[in-house]
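Raw run-v4.txt, compact mmCIF, C-alpha atoms and all ligand atoms:
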# COMPACT_ATOMS: atom_id res chain seq x y z
CA MET A 107 112.95 106.71 131.88
CA THR A 108 110.27 109.32 131.10
CA THR A 109 106.76 108.44 130.04
CA THR A 110 105.62 109.19 126.53
CA PRO A 111 103.11 112.04 126.44
CA THR A 112 100.06 111.39 124.30
CA ARG A 113 98.21 114.23 122.69
CA GLN A 114 94.45 113.74 122.85
CA ARG A 115 92.96 114.49 119.44
CA PRO A 116 89.23 113.77 119.70
CA LEU A 117 88.22 116.06 116.81
CA SER A 118 90.86 114.53 114.54
CA ASP A 119 89.77 111.00 115.55
CA ALA A 120 86.16 111.84 114.68
CA ALA A 121 87.12 113.50 111.39
CA PHE A 122 89.14 110.45 110.38
CA GLU A 123 86.26 108.09 111.19
CA THR A 124 84.00 110.18 108.93
CA ALA A 125 86.66 110.41 106.22
CA LYS A 126 86.99 106.61 106.13
CA THR A 127 83.32 106.36 105.16
CA LEU A 128 83.82 108.83 102.30
CA LEU A 129 87.37 108.41 100.93
CA PRO A 130 89.36 105.20 100.33
CA GLY A 131 91.39 104.74 103.53
CA GLY A 132 90.13 108.15 104.70
CA VAL A 133 92.64 110.13 102.62
CA ASN A 134 93.32 111.44 99.13
CA SER A 135 96.93 110.29 98.99
CA PRO A 136 98.12 107.11 100.73
CA VAL A 137 101.11 108.20 102.85
CA ARG A 138 98.94 110.75 104.65
CA ALA A 139 97.06 107.91 106.38
CA PHE A 140 100.01 107.08 108.71
CA LYS A 141 99.78 103.37 107.86
CA SER A 142 103.54 103.55 107.53
CA VAL A 143 103.85 104.24 111.24
CA GLY A 144 101.49 101.58 112.44
CA GLY A 145 98.21 103.36 111.71
CA GLY A 146 96.42 105.71 114.08
CA THR A 147 94.77 108.99 113.34
CA PRO A 148 96.67 111.16 110.85
CA LEU A 149 97.04 114.87 111.33
CA PHE A 150 93.93 116.79 110.35
CA LEU A 151 95.10 120.34 109.85
CA GLN A 152 93.33 123.58 110.48
CA LYS A 153 96.05 126.02 109.52
CA ALA A 154 99.77 126.54 109.07
CA LYS A 155 102.11 129.50 109.43
CA GLY A 156 105.90 129.56 109.01
CA ALA A 157 107.39 126.36 110.41
CA THR A 158 104.27 125.50 112.42
CA ILE A 159 101.14 123.56 111.58
CA THR A 160 98.06 123.44 113.79
CA ASP A 161 95.64 120.53 113.91
CA ILE A 162 91.88 120.78 114.32
CA ASP A 163 92.29 119.91 118.02
CA GLY A 164 94.42 123.03 118.47
CA HIS A 165 97.84 121.33 118.84
CA ASP A 166 100.86 122.97 117.21
CA TYR A 167 103.65 120.98 115.55
CA LEU A 168 106.98 121.98 114.07
CA ASP A 169 106.57 120.81 110.51
CA TYR A 170 109.32 118.88 108.71
CA VAL A 171 106.99 117.60 105.98
CA LEU A 172 106.07 121.03 104.59
CA SER A 173 103.29 119.81 102.31
CA TRP A 174 105.76 117.16 101.09
CA GLY A 175 108.14 119.83 99.89
CA PRO A 176 106.58 122.98 98.46
CA ALA A 177 106.64 125.16 101.60
CA ILE A 178 110.34 126.07 101.50
CA LEU A 179 109.52 129.64 102.55
CA GLY A 180 107.46 128.30 105.44
CA HIS A 181 103.69 128.09 105.30
CA ALA A 182 101.52 131.00 104.18
CA HIS A 183 104.32 133.43 103.36
CA PRO A 184 102.51 136.81 103.32
CA GLN A 185 103.92 137.87 99.93
CA VAL A 186 103.00 134.57 98.29
CA VAL A 187 99.50 134.72 99.73
CA GLU A 188 99.16 138.31 98.53
CA ALA A 189 100.34 137.38 95.02
CA VAL A 190 97.69 134.66 94.86
CA ARG A 191 94.99 136.94 96.28
CA GLU A 192 95.73 139.74 93.81
CA THR A 193 95.80 137.32 90.89
CA ALA A 194 92.59 135.61 91.97
CA LEU A 195 90.72 138.91 91.87
CA ASN A 196 91.20 138.86 88.08
CA GLY A 197 89.91 135.33 87.57
CA LEU A 198 90.89 131.81 88.61
CA SER A 199 91.52 130.04 85.33
CA PHE A 200 91.30 131.05 81.68
CA GLY A 201 92.55 128.20 79.51
CA CYS A 202 94.26 130.95 77.47
CA PRO A 203 97.87 132.08 77.58
CA THR A 204 98.86 134.71 80.14
CA VAL A 205 102.01 136.81 80.58
CA LEU A 206 102.48 135.14 83.99
CA GLU A 207 103.37 131.91 82.15
CA ASN A 208 106.14 133.72 80.28
CA LEU A 209 107.46 135.19 83.51
CA LEU A 210 107.59 131.86 85.34
CA ALA A 211 109.04 130.09 82.29
CA LYS A 212 111.82 132.69 82.12
CA ALA A 213 112.47 132.35 85.87
CA VAL A 214 112.78 128.56 85.53
CA ILE A 215 114.99 128.67 82.44
CA ASP A 216 117.26 131.26 84.07
CA ARG A 217 117.82 128.91 87.03
CA PHE A 218 118.03 125.62 85.11
CA PRO A 219 120.31 126.19 82.10
CA ALA A 220 119.66 122.66 80.76
CA MET A 221 115.98 123.60 80.35
CA GLU A 222 115.96 125.60 77.13
CA THR A 223 112.17 125.54 76.90
CA VAL A 224 109.57 124.39 79.38
CA ARG A 225 105.95 123.13 79.44
CA PHE A 226 103.82 123.70 82.56
CA VAL A 227 101.45 121.02 83.81
CA SER A 228 99.54 120.61 87.06
CA SER A 229 101.52 118.02 89.05
CA GLY A 230 104.82 116.20 89.29
CA THR A 231 103.15 112.98 88.13
CA GLU A 232 101.95 114.70 84.97
CA ALA A 233 105.40 116.20 84.38
CA VAL A 234 107.22 112.85 84.56
CA MET A 235 104.54 110.98 82.61
CA SER A 236 104.92 113.56 79.83
CA ALA A 237 108.74 113.54 79.99
CA ILE A 238 108.92 109.80 79.35
CA ARG A 239 106.45 110.05 76.50
CA LEU A 240 108.67 112.76 75.07
CA ALA A 241 111.78 110.59 75.47
CA ARG A 242 110.02 107.81 73.58
CA ALA A 243 108.83 110.20 70.88
CA PHE A 244 112.28 111.69 70.40
CA THR A 245 114.26 108.44 70.34
CA GLY A 246 111.65 106.15 68.75
CA ARG A 247 112.50 103.61 71.48
CA LYS A 248 110.30 101.93 74.07
CA LYS A 249 112.21 101.04 77.23
CA LEU A 250 112.99 103.10 80.27
CA ILE A 251 115.46 102.52 83.10
CA LYS A 252 114.44 103.61 86.59
CA PHE A 253 115.92 102.92 90.01
CA GLU A 254 114.62 100.78 92.86
CA GLY A 255 113.08 102.97 95.55
CA CYS A 256 112.77 106.05 93.33
CA TYR A 257 109.23 107.31 92.98
CA HIS A 258 108.15 109.45 90.06
CA GLY A 259 104.41 109.81 90.58
CA HIS A 260 101.73 107.31 89.82
CA ALA A 261 101.84 106.88 86.03
CA ASP A 262 101.48 103.20 85.06
CA SER A 263 104.98 102.56 83.79
CA LEU A 264 106.59 104.16 86.85
CA LEU A 265 104.96 102.10 89.59
CA VAL A 266 107.56 99.38 89.24
CA LYS A 267 109.77 98.94 92.33
CA ALA A 268 108.73 102.42 93.38
CA GLY A 269 109.47 104.25 96.62
CA SER A 270 107.30 106.58 98.72
CA GLY A 271 103.84 105.18 99.57
CA VAL A 272 104.37 102.13 97.35
CA ALA A 273 107.42 101.09 99.40
CA THR A 274 105.80 102.16 102.64
CA LEU A 275 102.80 99.91 102.08
CA GLY A 276 105.02 97.06 100.88
CA ILE A 277 103.32 96.88 97.48
CA PRO A 278 105.95 95.51 95.05
CA ASP A 279 104.16 96.83 91.99
CA SER A 280 100.73 98.44 91.90
CA ALA A 281 97.68 96.39 90.92
CA GLY A 282 95.90 97.46 87.77
CA ILE A 283 98.89 97.90 85.51
CA SER A 284 99.18 96.03 82.24
CA PRO A 285 102.20 93.68 82.21
CA LEU A 286 102.83 94.96 78.69
CA VAL A 287 103.38 98.44 80.10
CA ALA A 288 105.38 97.27 83.14
CA GLN A 289 107.74 95.18 81.03
CA GLU A 290 109.02 98.30 79.29
CA THR A 291 110.38 99.57 82.63
CA LEU A 292 113.77 98.17 83.58
CA THR A 293 115.11 98.71 87.08
CA ALA A 294 118.53 98.89 88.70
CA PRO A 295 119.67 99.59 92.26
CA PHE A 296 120.44 103.27 92.97
CA ASN A 297 124.16 104.02 92.90
CA ASP A 298 124.92 100.83 90.91
CA LEU A 299 126.52 101.77 87.59
CA GLU A 300 127.40 98.17 86.77
CA ALA A 301 123.75 97.14 86.92
CA VAL A 302 122.86 100.02 84.59
CA MET A 303 125.63 99.01 82.21
CA ALA A 304 124.28 95.44 82.15
CA LEU A 305 120.85 96.79 81.13
CA PHE A 306 122.40 98.92 78.38
CA GLU A 307 124.36 95.93 77.11
CA ALA A 308 121.20 93.84 76.97
CA TYR A 309 118.70 96.43 75.68
CA GLY A 310 120.80 99.46 74.63
CA ASP A 311 119.21 99.99 71.23
CA ASP A 312 115.76 100.15 72.74
CA ILE A 313 116.37 102.31 75.82
CA ALA A 314 114.65 105.67 75.36
CA GLY A 315 115.80 107.12 78.64
CA VAL A 316 117.22 106.77 82.12
CA LEU A 317 114.93 108.37 84.70
CA ILE A 318 116.29 109.20 88.14
CA GLU A 319 115.77 111.34 91.21
CA PRO A 320 119.39 112.58 91.18
CA VAL A 321 119.19 112.87 94.95
CA ALA A 322 116.59 110.30 95.94
CA GLY A 323 113.86 111.57 98.23
CA ASN A 324 111.24 108.87 98.01
CA MET A 325 113.21 106.15 99.80
CA GLY A 326 114.23 108.70 102.35
CA CYS A 327 117.01 111.05 101.31
CA VAL A 328 119.78 109.05 99.60
CA LEU A 329 122.68 110.84 97.92
CA PRO A 330 124.36 109.77 94.68
CA MET A 331 127.87 108.43 95.19
CA ASN A 332 130.80 110.17 93.52
CA GLY A 333 130.72 109.59 89.77
CA PHE A 334 127.29 107.91 89.68
CA LEU A 335 125.36 110.67 87.91
CA GLN A 336 128.30 111.39 85.62
CA GLY A 337 128.44 107.69 84.76
CA LEU A 338 124.76 107.74 83.80
CA ARG A 339 125.36 110.81 81.64
CA GLU A 340 128.17 109.03 79.80
CA MET A 341 126.19 105.83 79.26
CA CYS A 342 123.23 107.78 77.89
CA ASN A 343 125.57 109.62 75.52
CA ALA A 344 127.15 106.35 74.38
CA TYR A 345 123.81 104.65 73.67
CA GLY A 346 121.83 107.65 72.39
CA SER A 347 119.40 107.52 75.33
CA LEU A 348 118.06 110.56 77.15
CA LEU A 349 118.97 111.33 80.75
CA ILE A 350 115.90 112.52 82.65
CA PHE A 351 116.34 114.13 86.06
CA ASP A 352 113.22 114.08 88.19
CA GLU A 353 113.79 117.19 90.28
CA VAL A 354 110.18 117.47 91.45
CA MET A 355 111.44 117.21 95.02
CA THR A 356 114.98 118.60 94.71
CA GLY A 357 114.35 121.47 92.27
CA PHE A 358 114.72 124.85 94.07
CA ARG A 359 115.23 122.87 97.31
CA VAL A 360 118.85 121.73 97.33
CA HIS A 361 119.95 124.70 95.20
CA SER A 362 118.11 127.28 93.09
CA GLY A 363 119.18 125.27 90.03
CA GLY A 364 118.55 121.84 91.52
CA VAL A 365 120.89 118.86 91.83
CA GLN A 366 122.01 119.33 88.23
CA THR A 367 123.55 122.72 89.09
CA LEU A 368 124.92 121.56 92.42
CA TYR A 369 126.71 118.59 90.79
CA ASN A 370 127.19 120.16 87.37
CA ILE A 371 125.54 117.42 85.28
CA ALA A 372 123.23 118.49 82.46
CA PRO A 373 120.29 116.14 81.89
CA ASP A 374 118.40 116.10 78.57
CA ILE A 375 115.02 116.53 80.24
CA THR A 376 114.16 117.81 83.72
CA THR A 377 110.89 117.48 85.59
CA LEU A 378 109.81 119.89 88.31
CA GLY A 379 106.92 120.20 90.75
CA LYS A 380 106.26 121.15 94.37
CA ILE A 381 108.22 124.43 95.01
CA ILE A 382 107.64 125.62 91.44
CA GLY A 383 103.97 126.11 92.35
CA GLY A 384 104.65 127.80 95.71
CA GLY A 385 101.95 125.60 97.26
CA MET A 386 99.61 125.58 94.28
CA PRO A 387 99.35 122.59 91.89
CA VAL A 388 102.07 123.15 89.27
CA GLY A 389 104.50 120.80 87.55
CA ALA A 390 106.80 121.33 84.59
CA TYR A 391 109.02 119.48 82.19
CA GLY A 392 111.66 120.96 79.96
CA GLY A 393 115.02 120.39 78.38
CA ARG A 394 117.04 120.72 75.22
CA ALA A 395 115.17 122.80 72.65
CA ASP A 396 115.52 120.17 69.90
CA ILE A 397 113.88 117.59 72.18
CA MET A 398 111.15 119.92 73.42
CA ALA A 399 110.37 120.84 69.79
CA ASN A 400 108.58 117.47 69.62
CA VAL A 401 105.88 118.64 72.05
CA ALA A 402 102.54 119.58 70.43
CA PRO A 403 101.64 121.96 68.88
CA GLN A 404 105.26 122.45 67.73
CA GLY A 405 105.67 118.70 67.29
CA THR A 406 103.68 115.47 67.37
CA MET A 407 104.05 114.35 71.00
CA TYR A 408 100.62 115.22 72.37
CA GLN A 409 100.12 116.52 75.88
CA ALA A 410 97.56 119.04 77.10
CA GLY A 411 95.74 120.32 80.21
CA THR A 412 92.89 122.70 81.00
CA LEU A 413 94.54 123.97 84.17
CA SER A 414 98.10 123.95 82.80
CA GLY A 415 99.79 127.28 83.44
CA ASN A 416 96.84 128.46 85.53
CA PRO A 417 97.34 132.01 86.83
CA LEU A 418 97.20 131.23 90.55
CA GLY A 419 99.91 128.58 90.29
CA MET A 420 102.06 130.81 88.10
CA ALA A 421 101.73 133.74 90.51
CA ALA A 422 102.51 131.67 93.62
CA GLY A 423 105.45 129.96 91.90
CA LEU A 424 106.91 133.16 90.54
CA LYS A 425 106.73 134.98 93.86
CA THR A 426 108.29 131.97 95.62
CA LEU A 427 111.22 131.81 93.20
CA GLN A 428 111.74 135.56 93.54
CA LEU A 429 111.78 135.40 97.34
CA LEU A 430 114.24 132.51 97.26
CA GLU A 431 116.70 134.85 95.51
CA ALA A 432 117.27 136.76 98.78
CA PRO A 433 121.00 136.74 99.62
CA ASN A 434 122.35 133.58 101.26
CA THR A 435 119.02 131.74 101.28
CA TYR A 436 120.44 128.40 100.19
CA GLU A 437 123.62 128.74 102.27
CA THR A 438 121.50 129.36 105.37
CA LEU A 439 119.10 126.52 104.57
CA ASP A 440 122.04 124.16 104.16
CA ALA A 441 123.84 125.35 107.31
CA ASN A 442 120.72 125.01 109.46
CA ALA A 443 119.89 121.56 108.09
CA LYS A 444 123.47 120.50 108.81
CA LYS A 445 123.19 121.69 112.42
CA LEU A 446 119.95 119.78 112.87
CA VAL A 447 121.29 116.57 111.36
CA ALA A 448 124.53 116.78 113.35
CA GLY A 449 122.49 117.20 116.52
CA MET A 450 120.38 114.17 115.63
CA ALA A 451 123.45 112.06 114.91
CA GLY A 452 124.97 113.18 118.23
CA LEU A 453 121.88 112.05 120.13
CA CYS A 454 121.92 108.69 118.34
CA GLU A 455 125.52 108.25 119.45
CA GLN A 456 124.63 109.23 123.01
CA PHE A 457 121.86 106.60 123.05
CA LYS A 458 124.03 104.06 121.20
CA LEU A 459 121.62 103.72 118.30
CA PRO A 460 122.65 102.49 114.86
CA HIS A 461 122.12 105.42 112.55
CA SER A 462 122.98 107.04 109.26
CA THR A 463 122.13 110.60 108.35
CA GLN A 464 121.93 112.06 104.86
CA GLN A 465 121.34 115.70 104.00
CA VAL A 466 121.68 117.98 101.06
CA GLY A 467 120.41 121.56 101.29
CA ALA A 468 116.97 121.65 102.85
CA MET A 469 116.25 117.91 102.78
CA PHE A 470 117.45 115.13 105.05
CA SER A 471 116.84 111.70 106.52
CA LEU A 472 117.80 110.02 109.75
CA PHE A 473 117.92 106.27 109.13
CA PHE A 474 118.07 103.87 112.06
CA VAL A 475 120.51 101.57 110.27
CA GLU A 476 124.26 101.13 110.38
CA ALA A 477 125.92 103.45 107.84
CA PRO A 478 126.24 103.62 104.91
CA VAL A 479 122.91 103.97 103.08
CA HIS A 480 123.37 103.95 99.32
CA ASN A 481 120.22 102.30 97.98
CA PHE A 482 116.76 100.94 98.67
CA ALA A 483 118.04 97.64 100.11
CA ASP A 484 120.07 99.62 102.68
CA VAL A 485 117.02 101.69 103.67
CA CYS A 486 115.01 98.48 104.07
CA LYS A 487 117.33 97.44 106.92
CA THR A 488 115.58 100.09 109.07
CA ASP A 489 114.11 98.78 112.30
CA ARG A 490 110.50 99.69 111.47
CA ALA A 491 109.16 99.06 114.98
CA PHE A 492 111.73 101.44 116.45
CA PHE A 493 111.08 104.01 113.72
CA ASN A 494 107.36 103.96 114.58
CA GLN A 495 108.02 104.51 118.27
CA PHE A 496 110.37 107.36 117.44
CA PHE A 497 107.90 108.97 115.03
CA TRP A 498 105.03 108.90 117.53
CA GLY A 499 107.27 110.03 120.38
CA MET A 500 108.28 113.06 118.34
CA LEU A 501 104.73 113.78 117.14
CA ASN A 502 103.40 113.67 120.68
CA ARG A 503 106.08 116.21 121.60
CA GLY A 504 105.03 118.51 118.77
CA ILE A 505 107.50 117.54 116.05
CA TYR A 506 106.11 116.29 112.73
CA LEU A 507 108.78 114.32 110.84
CA ALA A 508 108.15 112.39 107.63
CA PRO A 509 105.85 109.53 108.67
CA SER A 510 107.83 106.79 106.91
CA PRO A 511 111.46 105.78 106.51
CA PHE A 512 110.71 105.95 102.78
CA GLU A 513 110.14 109.72 102.76
CA ALA A 514 112.63 112.56 103.15
CA SER A 515 112.08 115.30 105.73
CA PHE A 516 112.35 118.95 104.75
CA THR A 517 113.32 122.28 106.29
CA SER A 518 112.30 125.81 105.35
CA VAL A 519 113.71 129.28 105.83
CA CYS A 520 111.63 129.41 109.01
CA HIS A 521 113.51 126.46 110.58
CA GLN A 522 116.13 128.38 112.51
CA GLN A 523 118.10 127.91 115.73
CA ALA A 524 115.06 128.00 118.05
CA GLU A 525 113.29 125.35 115.95
CA ILE A 526 116.40 123.18 115.80
CA ASP A 527 116.84 123.39 119.57
CA ALA A 528 113.19 122.50 120.18
CA THR A 529 113.49 119.54 117.83
CA LEU A 530 116.63 118.21 119.46
CA ASN A 531 115.15 118.63 122.95
CA ALA A 532 112.09 116.67 121.86
CA MET A 533 114.33 114.03 120.34
CA GLU A 534 116.36 113.63 123.51
CA ASP A 535 113.18 113.28 125.53
CA THR A 536 111.75 110.81 123.01
CA LEU A 537 114.88 108.66 123.03
CA ARG A 538 114.89 108.61 126.82
CA SER A 539 111.40 107.19 126.72
CA VAL A 540 111.83 104.67 123.89
CA VAL A 541 115.41 103.43 124.22
CA ILE A 542 115.55 100.77 126.91
N1 LIG B 1 104.05 111.54 97.04
C1 LIG B 1 104.21 112.33 98.21
C2 LIG B 1 105.31 111.82 99.06
N2 LIG B 1 106.53 111.56 98.44
C3 LIG B 1 102.98 112.35 99.06
C4 LIG B 1 102.03 113.37 98.62
C5 LIG B 1 100.86 113.59 99.58
O1 LIG B 1 100.40 112.69 100.25
O2 LIG B 1 100.40 114.70 99.62
Would you write out, as structure tokens, the structure that this file holds?
Amino acid sequence: MTTTPTRQRPLSDAAFETAKTLLPGGVNSPVRAFKSVGGGTPLFLQKAKGATITDIDGHDYLDYVLSWGPAILGHAHPQVVEAVRETALNGLSFGCPTVLENLLAKAVIDRFPAMETVRFVSSGTEAVMSAIRLARAFTGRKKLIKFEGCYHGHADSLLVKAGSGVATLGIPDSAGISPLVAQETLTAPFNDLEAVMALFEAYGDDIAGVLIEPVAGNMGCVLPMNGFLQGLREMCNAYGSLLIFDEVMTGFRVHSGGVQTLYNIAPDITTLGKIIGGGMPVGAYGGRADIMANVAPQGTMYQAGTLSGNPLGMAAGLKTLQLLEAPNTYETLDANAKKLVAGMAGLCEQFKLPHSTQQVGAMFSLFFVEAPVHNFADVCKTDRAFFNQFFWGMLNRGIYLAPSPFEASFTSVCHQQAEIDATLNAMEDTLRSVVI
């Protein structure tokens, strides 16, 4: 048995103590605080380049969080940074239309054929919040179906049985939300078409939309079973409800055209975020032109934003989408992620650990549960104490995995054979130290 190395991080410890006096919990977004892995000082970063992040104590880590998804080209890609720099020289924000918005809109529509027109906003939360308002405006109905363990940002009606930080912190439903709002959100287990059918039978005439992460990423990475997404499409058609794919995490990550292209299912509305901004704050929602025609000023569904379509976000997003068009990008991302996940599964077998791996394109999860994992209840069978030991063992060996079983991990074009080997070596060493 080896001993677990511990990285001393005195500057990070001090920064976190200061942060706790200034910010609730010391952070600006809950999962960053590492409460999910038993607390301790989170990473305080100084810089990032390619697949590597560097903390303020000077330690390097191979990064599988990648800013929670956007950094698919690796951190600080020189051409993305240059696009932002050049754009910034002409002004940071105008609150007026720019040609850059047309260019990014065209790039998105070209890749997502179900998005006939698109509206840019500043975050994934804003995109989904607007999409459900649009679904209600278009159908004249109130209720929404979402899935247990899916997270769609922090809008009131979506913090019901949500994943990500809400699941991590064990908060069933956020405080501060009117029961009147929450009662319009119906929930079903992921991958359970019968449960969705029961909701349609009970409330069908009042269901505005079905909202789903078509590959879940906020309860860890959980794939849809064969026929599940198609079944949702058919039920929405039968009841006149809109199918809304939240591809904030999966858009441009699992395929240039998202899960909907990979599985050939056309949603009515799509939401995007993360990669679409290339590291800058950008979100988007879009869909069928007759639905989008309801958005103001063309229609009466109001939604606005001072920083919407801001030039820096448009420039970073556009350059990122262009660079992702390089030949074989997605094939290589998928092949490398498969190698990594196969290596992880092999080590779990070697150490006789219950495990289930899920991966699609450049996102994956390793669950310490007996296979299969199809929904939130399955993910909740994770041995949390073991997960924590594993997470810290990896971090202390320079590998930063998602700090919660309820988050997916990500790879980038910079995660190649050398990075995979280093990760698997660290994992073997970690398992030697934590598996008794
Ligand atoms: N909602 C993100 C995870 N699914 C976390 C965002 C952050 O902390 O930056």
(Q) Calculated over all atoms listed in the file, which of the candidates A:Thr223, A:Ser510, A:Ser228, A:Gln336 has the smallest distance to ligand LIG 1 (chain B)? (A) A:Ser510
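From atom CA of A:Ala182 back to atom CA of A:Leu151, the distance works out to 13.7 Å.
With all atoms listed in the file as the atoms that count, the minimum distance from ligand LIG 1 (chain B) to the choices A:Asp440, A:Glu476, A:Asp489, A:Glu319 is reached by A:Glu319.
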How big is the axis-aligned box around all listed atoms of ligand LIG 1 (chain B) once 6 Å goes on each side, and where's its centre, in Å to one decimal, as JSON?
{"center_x": 103.5, "center_y": 113.1, "center_z": 98.6, "size_x": 18.1, "size_y": 15.2, "size_z": 15.2}
Q.
Just checking: using only C-alpha atoms and all ligand atoms, which residue out of A:Ala322, A:Ala314, A:Val540, A:Val186 ends up closest to ligand LIG 1 (chain B)?
A. A:Ala322
Q: Check which residues fall inside 12 Å of ligand LIG 1 (chain B) when counting all atoms listed in the file, and print them as a PyMOL selection string.
A: chain A and resi 133-140+142+148-149+171-176+229-231+255-260+268-274+319+322-327+354-356+379-380+385+387+508-516
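One distance worth recording is that between atom CA of A:His181 and atom CA of A:Met500, which is 20.4 Å.
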Q: Provide the atom CA of A:Pro203 to atom CA of A:Val388 distance in Å, to one decimal place.
A: 15.3 Å
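Among the candidates A:Leu240, A:Ala121, A:Ala421, A:Leu507, the one nearest to A:Phe150 when counting all atoms listed in the file is A:Ala121.
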At a cut-off of 10 Å, using all atoms listed in the file, what residues contact A:Arg113? Leave out same-chain residues fewer than 5 positions from it and give the result as a PDB file with C-alpha atoms, keeping the file's coordinate frame.
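The resulting file, result.pdb, is shown below:
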ATOM      1  CA  ASP A 163      92.290 119.910 118.020  1.00  0.00           C
ATOM      2  CA  HIS A 165      97.840 121.330 118.840  1.00  0.00           C
ATOM      3  CA  LEU A 501     104.730 113.780 117.140  1.00  0.00           C
ATOM      4  CA  ASN A 502     103.400 113.670 120.680  1.00  0.00           C
ATOM      5  CA  ARG A 503     106.080 116.210 121.600  1.00  0.00           C
ATOM      6  CA  GLY A 504     105.030 118.510 118.770  1.00  0.00           C
TER       7      GLY A 504
END
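Neighbours of A:Phe493 closer than or equal to 9 Å, with only C-alpha atoms counted and sequence neighbours fewer than 2 positions away skipped, come out as Val143, Phe473, Phe474, Thr488, Asp489, Arg490, Ala491, Gln495, Phe496, Phe497, Trp498, Ser510 and Pro511 of chain A.
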Which residues come within 7 Å of A:Tyr436, counting all atoms listed in the file, excluding same-chain residues fewer than 3 positions away, as a compact mmCIF listing (two decimals) with C-alpha atoms, in the frame of the given file?
# COMPACT_ATOMS: atom_id res chain seq x y z
CA HIS A 361 119.95 124.70 95.20
CA LEU A 439 119.10 126.52 104.57
CA ASP A 440 122.04 124.16 104.16
CA GLY A 467 120.41 121.56 101.29
Per-residue nearest contacts of stretch 397-459 of chain A to stretch 526-532 of chain A (7 Å; all atoms listed in the file) as a tab-separated table:
residue	atom	partner	partner_atom	distance
A:Leu446	CA	A:Ile526	CA	5.7
A:Gly449	CA	A:Leu530	CA	6.6
A:Met450	CA	A:Leu530	CA	6.7
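Using all atoms listed in the file, the set of residues no farther than 9 Å from the position (119.6, 125.3, 82.1) comprises Val214, Ile215, Asp216, Arg217, Phe218, Pro219, Ala220, Met221, Glu222, Gly363, Gln366, Thr367, Ala372, Gly393 and Arg394 of chain A.
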Q. Near A:Thr291, counting only C-alpha atoms, which residues have an atom at most 6 Å away, once you skip same-chain residues fewer than 4 positions from it, shown as a ChimeraX atom specification?
A. /A:249-251
Q: Anything within 7 Å of (105.8, 116.5, 85.0): list those residues as a ChimeraX atom specification, counting only C-alpha atoms and sticking to the file's coordinates.
A: /A:227,229-237,377-379,389-391
